[in-house]
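Novice: Okay, here's the structure, questions in a sec.
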Amino acid sequence: MKLPDIDTILAKEPLKTQQLAQQFNTAIDQTQQQWQQAKTTLPDEQKIEQYQQRVNRLKQTDTRDIKALAAAIKELKSLKSDINQDKRAISTAKSETQSNIKQLETLYQDLRKAPSKDKRALTNKYTPDSKGVANISQLLLGPEATQWLNTGLLWYKKIKPYIQSEEEASLPEPERQQGIDVAFQEYQPRPDFWIKRIHANITIPAGQFDGTITDISHQPEIINRPARLNLHGENMNGMQLLDIKGTFDHRQPAKSIDQLTMTIEDYRVTSHSLSKQEGLELSIQRALSNTNMNVVLRNGQLDGNMNIQLRDVQYQNRAGSGEFQQMMVAAFNQVKTFNIDSHLTGSLSKPHLKVSSDIDNHLNRQLKVAFNKRSQAYRHELNQRIDEVAKKPLKDAKVRMNEAKNEINQQISQAQRRFDKQKQQVENMITQYEKSYKSRLNSQKDKLKQDLKNKLKKLL
């Protein structure tokens, strides 16, 4: 629950906002450099003035002189071609710079989103989260479950010699017609040790239950039956039902299968300790539980599951002065029902037990409120500090991008307007001169026709 100093966090954690701000500044510097280079290839004011001088000179053309008009029209069309070529250069520069500006805008949008990402990353990393108690089941319940497992495996190893022979038995080959004693094959062989049936009435503090155990022998391959265990009790003191069934099949040692199932209903749990750590004492004062267990040992490999359902749980919990311990006890006191699941794998020599429980989910729901309350002010302060760090880079980036966009767009638009104006002026002059040229040409044609007519009249 100890929260780190925010200044220390900001000093050692590289913010995405700062990294993107550096990338943006590098990109805008490159864009401005490229624009300065592009400007050197564009037509400048001197060239515009030269075009204007050519236009002014052509305006002095004598429109009554058809030859002068033809020469002026030709030069105007050449001037229009030159202007169009310069306009294409301006359009190419505009396209390239607009591409760079678009990349700048994309980087700027990423930069705008960066503070939010920094907030999420740092608050998730440095503020407490209820997910931290996700392994509480293994922590509290694992040691006790492991102790019960070791006890069960110890008893199994003790009874194993009585239900399995050391080596796979085989009848000796008789040496017939040799010696005085002749060995004959037994058609109904008997093992050296065989308990056919045990009837038991067992009394424990919880009450009495009855049971049978059948076919106990270290030579099960001879009797060709597995050993079986059946224990059953009802309405016992402290539980409603106890039922244990087991099958121990070692007729083929290489393919042995042992299986044990257990069902307990309405077992009354009293004074069961979950944690005795200093400052965090967790104890179930009373509860009711149901248990279902199934364990299989197949060819030396364990595979087992056990589920315990607890309900109507009442606690006797104590917390020390630590904030987390107090939160844990308060959360535990709200959990009245939960399940415990155990999964057993491995071998007899190296068993592996995994314990899980939905108590984690219950605790997470209860702790989430306390965790969020504890960290709300801290998150708010951390977010404010990130906003302060990001404020200047964001403002500077926006100013620089707008200045660059305005400068480039203004200069390109200004050049385009000037050339458009010159082009329009040239086109108007071409139209005017072509009209005058056609008019003069038609007048000359009419005069030639009239002169021809007059000459013919004189001849006739």
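Scheme for the structure tokens: letters A, B, ... for chains in order shown; per-chain residue numbers from 1; ligand numbers from 1 in order shown.
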List as a list in words the protein and nucleic acid residues near Gln326 in chain A, meaning an atom at most 12 Å away when only C-alpha atoms are counted, but skip any in the same chain fewer than 3 places from it.
Specialist: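 In the requested format, the answer is Met1, Gly279, Leu280, Glu281, Leu282, Asn317, Arg318, Ala319, Gly320, Ser321, Gly322, Glu323, Val329, Ala330, Ala331, Phe332, Asn333, Leu367, Ala370 and Phe371 of chain A.
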Novice: Output C-alpha atoms for every residue in that selection, as an mmCIF file, in the first residue's frame.
Specialist:
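Final file, part_15.cif:
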data_model
loop_
_atom_site.group_PDB
_atom_site.id
_atom_site.type_symbol
_atom_site.label_atom_id
_atom_site.label_comp_id
_atom_site.auth_asym_id
_atom_site.auth_seq_id
_atom_site.Cartn_x
_atom_site.Cartn_y
_atom_site.Cartn_z
ATOM 1 C CA MET A 1 0.000 0.000 0.000
ATOM 2 C CA GLY A 279 -0.966 -8.674 12.462
ATOM 3 C CA LEU A 280 -3.272 -10.836 10.336
ATOM 4 C CA GLU A 281 -5.155 -13.592 12.185
ATOM 5 C CA LEU A 282 -7.864 -15.172 10.039
ATOM 6 C CA ASN A 317 -10.491 -12.261 12.563
ATOM 7 C CA ARG A 318 -7.994 -9.807 13.998
ATOM 8 C CA ALA A 319 -5.891 -7.214 12.198
ATOM 9 C CA GLY A 320 -2.840 -5.307 13.304
ATOM 10 C CA SER A 321 -2.210 -1.633 12.707
ATOM 11 C CA GLY A 322 -1.217 -2.109 9.067
ATOM 12 C CA GLU A 323 -3.565 -0.595 6.505
ATOM 13 C CA VAL A 329 -9.938 -8.460 7.597
ATOM 14 C CA ALA A 330 -12.766 -6.102 6.630
ATOM 15 C CA ALA A 331 -13.044 -7.798 3.235
ATOM 16 C CA PHE A 332 -12.944 -11.333 4.723
ATOM 17 C CA ASN A 333 -15.756 -10.487 7.138
ATOM 18 C CA LEU A 367 -10.980 -4.818 -1.743
ATOM 19 C CA ALA A 370 -10.941 0.181 -0.537
ATOM 20 C CA PHE A 371 -8.045 0.119 -3.005
#
Novice: DSSP on the backbone, then: every residue of range 272-412 of chain A marked strand (DSSP E or B), written as a VMD selection string.
Specialist: chain A and resid 272 to 277 280 to 298 301 to 315 318 to 319 338 to 347 351 to 357
Novice: Using only C-alpha atoms, which residue out of A:Ile48, A:Leu111, A:Ile6, A:Ala38 lies closest to Pro393 in chain A?
Specialist: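 Going through A:Ile48, A:Leu111, A:Ile6, A:Ala38 one by one, the smallest distance to Pro393 in chain A is for A:Leu111.
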Novice: If we count only C-alpha atoms and set the cut-off at 10 Å, which residues sit around range 146-158 of chain A, ignoring sequence neighbours fewer than 2 positions away in its own chain? Please answer as an mmCIF file with N, CA and C atoms, in the first residue's frame.
Specialist:
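Full text of selection.cif as output:
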data_model
loop_
_atom_site.group_PDB
_atom_site.id
_atom_site.type_symbol
_atom_site.label_atom_id
_atom_site.label_comp_id
_atom_site.auth_asym_id
_atom_site.auth_seq_id
_atom_site.Cartn_x
_atom_site.Cartn_y
_atom_site.Cartn_z
ATOM 1 N N LEU A 141 -4.497 -21.430 1.986
ATOM 2 C CA LEU A 141 -4.993 -22.803 2.026
ATOM 3 C C LEU A 141 -3.971 -23.826 1.559
ATOM 4 N N GLY A 142 -2.979 -23.394 0.791
ATOM 5 C CA GLY A 142 -2.003 -24.335 0.231
ATOM 6 C C GLY A 142 -1.242 -25.133 1.265
ATOM 7 N N PRO A 143 -0.657 -24.498 2.316
ATOM 8 C CA PRO A 143 0.124 -25.271 3.286
ATOM 9 C C PRO A 143 -0.683 -26.363 3.984
ATOM 10 N N GLU A 144 -1.912 -26.054 4.371
ATOM 11 C CA GLU A 144 -2.728 -27.065 5.053
ATOM 12 C C GLU A 144 -3.109 -28.196 4.098
ATOM 13 N N LYS A 160 0.332 -50.075 0.980
ATOM 14 C CA LYS A 160 0.621 -50.572 -0.350
ATOM 15 C C LYS A 160 1.206 -51.980 -0.355
ATOM 16 N N PRO A 161 2.096 -52.348 0.579
ATOM 17 C CA PRO A 161 2.631 -53.717 0.551
ATOM 18 C C PRO A 161 1.573 -54.799 0.744
ATOM 19 N N TYR A 162 0.427 -54.443 1.340
ATOM 20 C CA TYR A 162 -0.614 -55.438 1.594
ATOM 21 C C TYR A 162 -1.561 -55.620 0.407
ATOM 22 N N LEU A 344 -4.613 -32.292 -8.058
ATOM 23 C CA LEU A 344 -3.417 -33.059 -7.718
ATOM 24 C C LEU A 344 -2.859 -33.714 -8.971
ATOM 25 N N LEU A 348 3.918 -40.213 -6.878
ATOM 26 C CA LEU A 348 3.969 -40.391 -5.426
ATOM 27 C C LEU A 348 5.212 -39.733 -4.832
ATOM 28 N N SER A 349 6.294 -39.791 -5.562
ATOM 29 C CA SER A 349 7.530 -39.207 -5.026
ATOM 30 C C SER A 349 7.590 -37.699 -5.215
ATOM 31 N N PRO A 351 4.646 -35.251 -5.832
ATOM 32 C CA PRO A 351 3.276 -34.768 -6.080
ATOM 33 C C PRO A 351 3.244 -33.256 -6.235
ATOM 34 N N HIS A 352 2.274 -32.791 -7.000
ATOM 35 C CA HIS A 352 2.095 -31.345 -7.180
ATOM 36 C C HIS A 352 0.642 -31.008 -6.902
ATOM 37 N N LEU A 353 0.427 -30.093 -5.974
ATOM 38 C CA LEU A 353 -0.922 -29.718 -5.550
ATOM 39 C C LEU A 353 -1.158 -28.247 -5.854
ATOM 40 N N LYS A 354 -2.229 -27.961 -6.590
ATOM 41 C CA LYS A 354 -2.621 -26.589 -6.897
ATOM 42 C C LYS A 354 -3.956 -26.302 -6.224
ATOM 43 N N VAL A 355 -3.992 -25.240 -5.443
ATOM 44 C CA VAL A 355 -5.194 -24.867 -4.709
ATOM 45 C C VAL A 355 -5.707 -23.536 -5.245
#
Novice: Considering only alpha helix (DSSP H) as DSSP defines it on the backbone, what residues of range 295-362 of chain A qualify? List them as a list in words.
Specialist: Glu323, Phe324, Gln325, Gln326, Met327, Met328, Val329, Ala330, Ala331, Phe332, Ile359, Asp360, Asn361 and His362 of chain A
Novice: One decimal, Å: what's the distance from CA of Ile198 in chain A over to CA of Met239 in chain A, could you say?
Specialist: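 It comes out at 24.6 Å.
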Novice: Pick the closest to Asp303 in chain A from A:Ser283, A:Gln259, A:Asn383, A:Gln334: which is it, counting only C-alpha atoms?
Specialist: A:Gln259
Novice: Any idea what's packed within 12 Å of range 201-203 of chain A, counting only C-alpha atoms, ignoring anything in its chain fewer than 2 positions away? Could you give it as a VMD selection string?
Specialist: chain A and resid 198 to 199 205 to 213 230 to 233 236 to 237
Novice: Just the number, please: distance in Å from CA of Met293 in chain A to CA of Gln277 in chain A, one decimal.
Specialist: 29.3 Å
Novice: Pick from A:Leu15, A:Ala254, A:Leu452, A:Leu310: nearest to Arg120 in chain A, with only C-alpha atoms counted?
Specialist: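 The closest residue to Arg120 in chain A is A:Leu15.
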Novice: Find, counting only C-alpha atoms, the residue in A:Ser91, A:Asn84, A:Asn361, A:Asn224 that gets nearest to Lys421 in chain A.
Specialist: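 Smallest separation from Lys421 in chain A among the options: A:Asn84.
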Novice: Write out as a PyMOL selection string the residues lying within 12 Å of Phe248 in chain A, counting only C-alpha atoms and excluding same-chain residues fewer than 6 positions away.
Specialist: chain A and resi 156+159-164+213-218+220+224-230+255-261+295-299
Novice: Quick one: pull the distance between CA of Thr270 in chain A and CA of Gln285 in chain A, Å, one decimal.
Specialist: 5.3 Å
